[in-house]
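Participant: Sharing target-v9.cif, mmCIF, C-alpha atoms:
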```
data_entry
#
loop_
_atom_site.label_atom_id
_atom_site.label_comp_id
_atom_site.auth_asym_id
_atom_site.auth_seq_id
_atom_site.Cartn_x
_atom_site.Cartn_y
_atom_site.Cartn_z
CA MET A 1 2.43 -3.81 19.09
CA LYS A 2 -1.21 -2.95 18.45
CA PRO A 3 -1.62 -2.51 14.68
CA ILE A 4 -4.58 -1.09 12.81
CA VAL A 5 -5.06 -1.44 9.05
CA LEU A 6 -6.46 1.55 7.19
CA ILE A 7 -7.39 1.54 3.49
CA PRO A 8 -7.56 4.96 1.80
CA ALA A 9 -10.00 5.18 -1.10
CA ARG A 10 -11.67 7.88 -3.17
CA MET A 11 -13.80 7.90 -6.29
CA ALA A 12 -11.86 10.51 -8.29
CA ALA A 13 -9.16 8.25 -9.77
CA THR A 14 -7.72 9.85 -12.91
CA ARG A 15 -7.36 6.72 -15.05
CA LEU A 16 -10.32 4.79 -13.66
CA PRO A 17 -12.98 7.02 -12.07
CA GLY A 18 -15.10 5.25 -9.47
CA LYS A 19 -12.40 2.60 -9.05
CA PRO A 20 -13.17 1.58 -5.43
CA LEU A 21 -16.68 0.51 -6.42
CA ALA A 22 -15.69 -1.26 -9.63
CA GLU A 23 -17.31 -4.69 -9.48
CA ILE A 24 -15.09 -7.75 -9.55
CA GLU A 25 -17.19 -10.88 -9.83
CA GLY A 26 -20.00 -9.58 -7.67
CA LEU A 27 -17.99 -7.59 -5.11
CA PRO A 28 -16.82 -3.96 -5.16
CA MET A 29 -13.04 -3.79 -5.31
CA ILE A 30 -12.81 -1.97 -1.96
CA VAL A 31 -14.72 -4.81 -0.28
CA ARG A 32 -12.27 -7.35 -1.66
CA VAL A 33 -9.34 -5.34 -0.25
CA LEU A 34 -11.15 -5.04 3.08
CA ARG A 35 -11.63 -8.81 3.29
CA GLN A 36 -7.99 -9.54 2.50
CA ALA A 37 -6.92 -7.12 5.23
CA GLN A 38 -9.29 -8.77 7.70
CA ALA A 39 -7.84 -12.17 6.78
CA ALA A 40 -4.39 -10.93 7.88
CA ASP A 41 -5.82 -10.95 11.42
CA ILE A 42 -3.39 -8.40 12.87
CA GLY A 43 -5.90 -5.89 14.23
CA PRO A 44 -8.97 -3.84 13.33
CA VAL A 45 -9.51 -2.79 9.71
CA ALA A 46 -11.28 0.30 8.38
CA VAL A 47 -11.60 2.21 5.13
CA ALA A 48 -10.62 5.89 5.06
CA ALA A 49 -13.11 6.98 2.40
CA GLY A 50 -13.19 10.19 0.44
CA ASP A 51 -16.78 9.70 -0.68
CA ARG A 52 -20.11 8.73 0.88
CA GLU A 53 -20.67 6.00 -1.74
CA ILE A 54 -17.58 4.15 -0.54
CA VAL A 55 -18.71 4.32 3.08
CA GLU A 56 -22.09 2.89 2.12
CA ALA A 57 -20.55 0.00 0.15
CA VAL A 58 -18.19 -0.91 2.99
CA GLU A 59 -20.90 -0.74 5.65
CA LYS A 60 -23.24 -2.82 3.49
CA ALA A 61 -20.55 -5.51 3.45
CA GLY A 62 -20.29 -5.39 7.24
CA GLY A 63 -17.09 -3.35 7.36
CA ARG A 64 -16.18 -0.06 9.00
CA ALA A 65 -15.47 3.16 7.11
CA VAL A 66 -14.73 6.78 8.02
CA LEU A 67 -15.71 9.62 5.71
CA THR A 68 -12.80 12.03 5.15
CA ASP A 69 -12.33 15.21 3.16
CA PRO A 70 -12.09 14.22 -0.55
CA ASP A 71 -9.57 17.03 -1.13
CA LEU A 72 -6.90 15.62 1.19
CA PRO A 73 -3.64 15.51 -0.81
CA SER A 74 -2.64 11.88 -0.29
CA GLY A 75 -3.61 8.51 1.10
CA SER A 76 -1.27 9.09 4.05
CA ASP A 77 -3.17 12.24 4.99
CA ARG A 78 -6.45 10.38 4.59
CA ILE A 79 -5.49 7.55 6.95
CA LEU A 80 -4.16 9.97 9.55
CA ARG A 81 -7.47 11.82 9.52
CA ALA A 82 -9.39 8.55 9.88
CA LEU A 83 -7.05 7.41 12.64
CA ALA A 84 -7.80 10.53 14.67
CA GLU A 85 -11.49 9.61 14.60
CA LEU A 86 -11.10 5.87 15.14
CA ASP A 87 -8.43 5.97 17.83
CA PRO A 88 -8.18 9.39 19.53
CA GLN A 89 -6.64 7.75 22.63
CA GLY A 90 -3.62 6.52 20.65
CA ARG A 91 -4.01 2.85 21.52
CA HIS A 92 -2.76 1.68 18.12
CA ASP A 93 0.96 2.31 17.76
CA VAL A 94 1.35 0.82 14.25
CA VAL A 95 -0.68 1.84 11.21
CA VAL A 96 -0.71 -0.23 8.01
CA ASN A 97 -1.59 1.83 4.93
CA LEU A 98 -3.09 -0.65 2.46
CA GLN A 99 -3.96 0.66 -0.99
CA GLY A 100 -7.57 0.25 -2.02
CA ASP A 101 -6.72 -0.99 -5.52
CA ILE A 102 -5.00 -4.30 -4.75
CA PRO A 103 -8.05 -6.58 -4.44
CA PHE A 104 -6.17 -9.86 -4.05
CA VAL A 105 -3.31 -8.78 -1.79
CA ALA A 106 -2.15 -11.78 0.22
CA PRO A 107 -2.72 -11.50 3.98
CA GLU A 108 0.95 -12.37 4.55
CA VAL A 109 1.95 -9.18 2.71
CA VAL A 110 0.07 -7.14 5.29
CA ARG A 111 1.66 -9.13 8.10
CA ALA A 112 5.14 -8.69 6.59
CA CYS A 113 5.01 -4.92 7.14
CA VAL A 114 4.21 -5.36 10.81
CA ASP A 115 6.80 -8.13 11.26
CA LEU A 116 9.54 -5.82 9.93
CA LEU A 117 8.69 -3.17 12.52
CA VAL A 118 8.97 -5.85 15.21
CA ARG A 119 12.30 -7.20 13.96
CA GLN A 120 13.90 -3.81 13.20
CA PRO A 121 13.47 -1.47 16.18
CA ALA A 122 15.07 1.44 14.30
CA CYS A 123 12.66 1.10 11.38
CA ASP A 124 10.14 3.94 11.11
CA LEU A 125 8.38 2.82 7.95
CA SER A 126 8.12 -0.64 6.39
CA THR A 127 7.05 -1.69 2.92
CA VAL A 128 7.39 -4.60 0.46
CA VAL A 129 9.31 -5.40 -2.73
CA VAL A 130 9.37 -8.22 -5.26
CA ALA A 131 12.18 -9.31 -7.58
CA GLU A 132 11.81 -8.31 -11.22
CA SER A 133 10.29 -10.99 -13.45
CA ASP A 134 10.96 -9.32 -16.81
CA PRO A 135 14.04 -7.29 -17.85
CA ALA A 136 11.70 -4.73 -19.41
CA GLU A 137 10.52 -3.79 -15.92
CA ARG A 138 13.90 -2.17 -15.24
CA SER A 139 13.26 0.57 -17.78
CA ASN A 140 9.54 1.09 -17.14
CA PRO A 141 9.12 4.45 -15.37
CA ASP A 142 5.67 3.41 -14.15
CA ILE A 143 7.30 0.77 -11.94
CA PRO A 144 9.16 2.21 -8.92
CA LYS A 145 12.36 0.42 -7.96
CA ALA A 146 13.91 0.15 -4.51
CA VAL A 147 17.64 0.31 -3.85
CA LEU A 148 18.23 -1.78 -0.73
CA ALA A 149 21.07 -2.65 1.63
CA MET A 150 20.07 -6.28 2.07
CA ALA A 151 20.06 -8.12 5.39
CA PRO A 152 22.08 -11.37 5.54
CA ASP A 153 18.97 -13.51 5.07
CA GLY A 154 18.21 -11.84 1.73
CA ARG A 155 14.54 -11.43 2.68
CA SER A 156 14.60 -7.81 3.80
CA GLY A 157 16.71 -4.71 3.41
CA ARG A 158 17.09 -1.10 4.47
CA ALA A 159 16.02 1.29 1.72
CA LEU A 160 18.72 3.62 0.42
CA TYR A 161 16.64 5.11 -2.40
CA PHE A 162 13.56 4.66 -4.58
CA THR A 163 13.54 5.59 -8.25
CA ARG A 164 11.67 5.36 -11.53
CA SER A 165 14.96 5.30 -13.44
CA VAL A 166 16.75 2.30 -14.95
CA LEU A 167 18.90 0.24 -12.60
CA TYR A 168 21.85 -1.75 -13.95
CA GLY A 169 23.93 -4.70 -12.83
CA ASP A 170 23.55 -8.42 -12.27
CA ALA A 171 21.96 -8.22 -8.83
CA PRO A 172 18.18 -8.48 -8.54
CA VAL A 173 16.24 -5.31 -9.15
CA TRP A 174 13.61 -4.89 -6.47
CA LEU A 175 10.24 -3.57 -7.62
CA HIS A 176 8.42 -1.58 -4.97
CA HIS A 177 4.76 -2.07 -4.07
CA GLY A 178 2.95 0.54 -2.03
CA VAL A 179 1.90 -1.27 1.13
CA TYR A 180 3.25 0.56 4.16
CA GLY A 181 3.55 0.00 7.87
CA TYR A 182 4.13 3.14 9.96
CA ARG A 183 4.96 3.60 13.56
CA ARG A 184 2.27 6.04 14.57
CA GLU A 185 4.69 8.80 15.52
CA ALA A 186 6.43 8.41 12.15
CA LEU A 187 3.12 8.73 10.30
CA GLU A 188 2.35 11.93 12.18
CA ARG A 189 5.78 13.42 11.41
CA PHE A 190 5.62 12.32 7.78
CA THR A 191 2.25 13.88 7.05
CA ALA A 192 3.18 17.10 8.87
CA ALA A 193 6.18 17.63 6.57
CA PRO A 194 5.89 19.26 3.13
CA PRO A 195 6.69 17.25 -0.04
CA SER A 196 10.47 16.94 -0.36
CA PRO A 197 12.61 17.83 -3.41
CA LEU A 198 13.37 14.20 -4.31
CA GLU A 199 9.74 13.23 -3.77
CA LEU A 200 8.65 15.90 -6.24
CA ARG A 201 11.36 14.98 -8.72
CA GLU A 202 10.65 11.22 -8.76
CA ARG A 203 6.93 11.49 -7.89
CA LEU A 204 7.48 8.94 -5.11
CA GLU A 205 6.06 9.85 -1.72
CA GLN A 206 8.32 7.49 0.23
CA LEU A 207 11.37 9.59 -0.65
CA ARG A 208 10.08 12.24 1.75
CA ALA A 209 10.65 9.79 4.60
CA LEU A 210 14.24 9.14 3.50
CA GLU A 211 14.97 12.86 3.15
CA MET A 212 13.60 13.36 6.65
CA GLY A 213 16.15 10.85 7.97
CA MET A 214 13.66 8.07 8.65
CA GLN A 215 14.67 4.45 8.34
CA VAL A 216 12.64 2.61 5.71
CA TRP A 217 12.87 -1.17 5.46
CA ALA A 218 11.39 -3.45 2.82
CA ALA A 219 10.39 -7.09 3.08
CA VAL A 220 10.80 -9.35 0.05
CA ILE A 221 7.56 -10.99 -1.05
CA ASP A 222 7.35 -13.80 -3.58
CA GLU A 223 4.57 -12.50 -5.80
CA ALA A 224 3.44 -9.00 -6.67
CA PRO A 225 -0.18 -8.20 -5.79
CA ILE A 226 -2.45 -7.37 -8.72
CA SER A 227 -2.83 -3.59 -8.87
CA VAL A 228 -5.79 -2.00 -10.68
CA ASP A 229 -4.88 1.36 -12.22
CA ASN A 230 -6.80 1.40 -15.52
CA PRO A 231 -9.60 -0.43 -17.39
CA ALA A 232 -7.22 -3.09 -18.72
CA ASP A 233 -6.03 -3.88 -15.18
CA LEU A 234 -9.65 -4.17 -14.08
CA GLU A 235 -10.37 -6.76 -16.77
CA ARG A 236 -7.31 -8.75 -15.69
CA ALA A 237 -8.51 -8.64 -12.09
CA ARG A 238 -11.94 -9.88 -13.12
CA ALA A 239 -10.39 -12.74 -15.10
CA TYR A 240 -8.24 -13.64 -12.09
CA ALA A 241 -11.33 -13.67 -9.85
CA ARG A 242 -13.10 -16.01 -12.28
CA ARG A 243 -10.12 -18.38 -12.17
CA LEU A 244 -10.18 -18.33 -8.37
CA ASP A 245 -13.89 -19.11 -8.33
CA LYS A 246 -13.41 -21.95 -10.82
CA ASP A 247 -10.52 -23.43 -8.84
CA SER A 248 -12.54 -23.38 -5.63
CA GLN A 249 -15.44 -25.35 -7.13
#
```
I'd like the structure from this file rewritten - as structure tokens, please.
Facilitator:
Amino acid sequence: MKPIVLIPARMAATRLPGKPLAEIEGLPMIVRVLRQAQAADIGPVAVAAGDREIVEAVEKAGGRAVLTDPDLPSGSDRILRALAELDPQGRHDVVVNLQGDIPFVAPEVVRACVDLLVRQPACDLSTVVVAESDPAERSNPDIPKAVLAMAPDGRSGRALYFTRSVLYGDAPVWLHHGVYGYRREALERFTAAPPSPLELRERLEQLRALEMGMQVWAAVIDEAPISVDNPADLERARAYARRLDKDSQ
């Protein structure tokens, strides 16, 4: 496989405008995500930017960015547009879609998505989940949950459904995190299809893939990446960065 990692980012975030350029201990958030993706060392990395300011910040940090239409409807559409410019010959057959608001994502999380595509030939789309750490997470509609048919090793599973609803029972509830690995053909089919009924109902894009008959697999990771969605999350990320800097001294 020849993966490429693409990071969609745009300035017009509803809850935190200008989020990609929010400074976290001296670095814009998008640069931190870029560096974590580069550390995964699975292939080239680029930012699919919706705004010129993002391109400039990435290039200033020595990275590569492609300017895309800011009105594209989703991150998946944005990375496909960037992919067409970066790799028109189709050399890269796997595309990792890494969100631009997880500044401390572990490199092994990025690698896990690619590893699943290697180990599961029928898998069209890979992603990651983490076990719940607080019972309150089960009833939080802001936290998507994955319903999985687990593999014997308990470290991966085929997705049967994703939901924002409460899940019951004694088995672990898997919380979904939006890092995706696509086979290139699957990404092209996915973005060409209109939003599906379940996708619109749950407001979860990955349900479109399931309704299209794609196989989606999820790898279990041990710790959820910090996601920055609002000002409070940003302050937590800054505090985490300060702890990292202190620990490294």
Participant: For the file shown, what are the residues hit by the PyMOL selection byres ((chain A and resi 136-142) around 8), laid out as a PDB file with C-alpha atoms, in the coordinates of the input?
Facilitator:
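Writing done, so here's selection-v1.pdb:
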```pdb
ATOM      1  CA  GLU A 132      11.810  -8.310 -11.220  1.00  0.00           C
ATOM      2  CA  SER A 133      10.290 -10.990 -13.450  1.00  0.00           C
ATOM      3  CA  ASP A 134      10.960  -9.320 -16.810  1.00  0.00           C
ATOM      4  CA  PRO A 135      14.040  -7.290 -17.850  1.00  0.00           C
ATOM      5  CA  ILE A 143       7.300   0.770 -11.940  1.00  0.00           C
ATOM      6  CA  PRO A 144       9.160   2.210  -8.920  1.00  0.00           C
ATOM      7  CA  LYS A 145      12.360   0.420  -7.960  1.00  0.00           C
ATOM      8  CA  ARG A 164      11.670   5.360 -11.530  1.00  0.00           C
ATOM      9  CA  SER A 165      14.960   5.300 -13.440  1.00  0.00           C
ATOM     10  CA  VAL A 166      16.750   2.300 -14.950  1.00  0.00           C
ATOM     11  CA  LEU A 167      18.900   0.240 -12.600  1.00  0.00           C
ATOM     12  CA  VAL A 173      16.240  -5.310  -9.150  1.00  0.00           C
TER      13      VAL A 173
END
```
Participant: Rank nothing, just name the residue among A:Gly157, A:Gly178, A:Pro8, A:Gly63 nearest to Gly100 in chain A, using all atoms listed in the file.
Facilitator: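 Counting all atoms listed in the file, the residue closest to Gly100 in chain A is A:Pro8.
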Participant: Within 6 Å of range 71-94 of chain A, which residues of range 100-186 of chain A show up? Give each one with its shortest atom-to-atom distance in Å (one decimal) and the two atoms involved, counting only C-alpha atoms, rows by chain then rising residue number, as a tab-separated table.
Facilitator:
```
residue	atom	partner	partner_atom	distance
A:Tyr182	CA	A:Val94	CA	5.6
A:Arg183	CA	A:Val94	CA	4.6
A:Arg184	CA	A:Asp93	CA	5.1
```
Participant: Determine, counting all atoms listed in the file, which protein, DNA and RNA residues have an atom within 12 Å of an atom of Ala149 in chain A; residues of the same chain fewer than 4 positions away are not included. Present the result as a list in words.
Facilitator: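 Once the nearby chain positions are removed, what remains is Asp153, Gly154, Arg155, Ser156, Gly157, Arg158, Ala159, Leu160, Tyr161, Ala171, Trp174, Gln215, Val216, Trp217, Ala218 and Ala219 of chain A.
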Participant: Could you tell me which residues the PyMOL selection byres ((chain A and resi 226) around 7) grabs in this file, written as a list in words?
Facilitator: Ile102, Phe104, Ala224, Pro225, Ser227 and Val228 of chain A
Participant: Can you list what the PyMOL selection byres ((chain A and resi 229-245) around 9) grabs from this structure, as a PDB file with C-alpha atoms, in the coordinates of the input?
Facilitator:
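Full text of expr.pdb as output:
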```
ATOM      1  CA  ALA A  13      -9.160   8.250  -9.770  1.00  0.00           C
ATOM      2  CA  THR A  14      -7.720   9.850 -12.910  1.00  0.00           C
ATOM      3  CA  ARG A  15      -7.360   6.720 -15.050  1.00  0.00           C
ATOM      4  CA  LEU A  16     -10.320   4.790 -13.660  1.00  0.00           C
ATOM      5  CA  LYS A  19     -12.400   2.600  -9.050  1.00  0.00           C
ATOM      6  CA  ALA A  22     -15.690  -1.260  -9.630  1.00  0.00           C
ATOM      7  CA  GLU A  23     -17.310  -4.690  -9.480  1.00  0.00           C
ATOM      8  CA  ILE A  24     -15.090  -7.750  -9.550  1.00  0.00           C
ATOM      9  CA  GLU A  25     -17.190 -10.880  -9.830  1.00  0.00           C
ATOM     10  CA  ASP A 101      -6.720  -0.990  -5.520  1.00  0.00           C
ATOM     11  CA  PRO A 103      -8.050  -6.580  -4.440  1.00  0.00           C
ATOM     12  CA  PHE A 104      -6.170  -9.860  -4.050  1.00  0.00           C
ATOM     13  CA  ILE A 226      -2.450  -7.370  -8.720  1.00  0.00           C
ATOM     14  CA  SER A 227      -2.830  -3.590  -8.870  1.00  0.00           C
ATOM     15  CA  VAL A 228      -5.790  -2.000 -10.680  1.00  0.00           C
ATOM     16  CA  LYS A 246     -13.410 -21.950 -10.820  1.00  0.00           C
ATOM     17  CA  ASP A 247     -10.520 -23.430  -8.840  1.00  0.00           C
ATOM     18  CA  SER A 248     -12.540 -23.380  -5.630  1.00  0.00           C
ATOM     19  CA  GLN A 249     -15.440 -25.350  -7.130  1.00  0.00           C
TER      20      GLN A 249
END
```
Participant: Nearest to Ala112 in chain A: which of A:Ile30, A:Val147, A:Ala192, A:Ala40 is it, counting all atoms listed in the file?
Facilitator: A:Ala40
Participant: Would you work out the distance separating CA of Gly50 in chain A from CA of Ala9 in chain A, expressed in Å to one decimal?
Facilitator: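 Between CA of Gly50 in chain A and CA of Ala9 in chain A the gap works out to 6.1 Å.
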Participant: Using Å and a single decimal, report how far CA of Leu125 in chain A sits from CA of Met29 in chain A.
Facilitator: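 Taking CA of Met29 in chain A and CA of Leu125 in chain A, their separation equals 26.0 Å.
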Participant: Which residue out of A:Glu202, A:Glu211, A:Asp69, A:Asp41 has the minimum interatomic distance to Val109 in chain A when all atoms listed in the file are used?
Facilitator: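 The closest residue to Val109 in chain A is A:Asp41.
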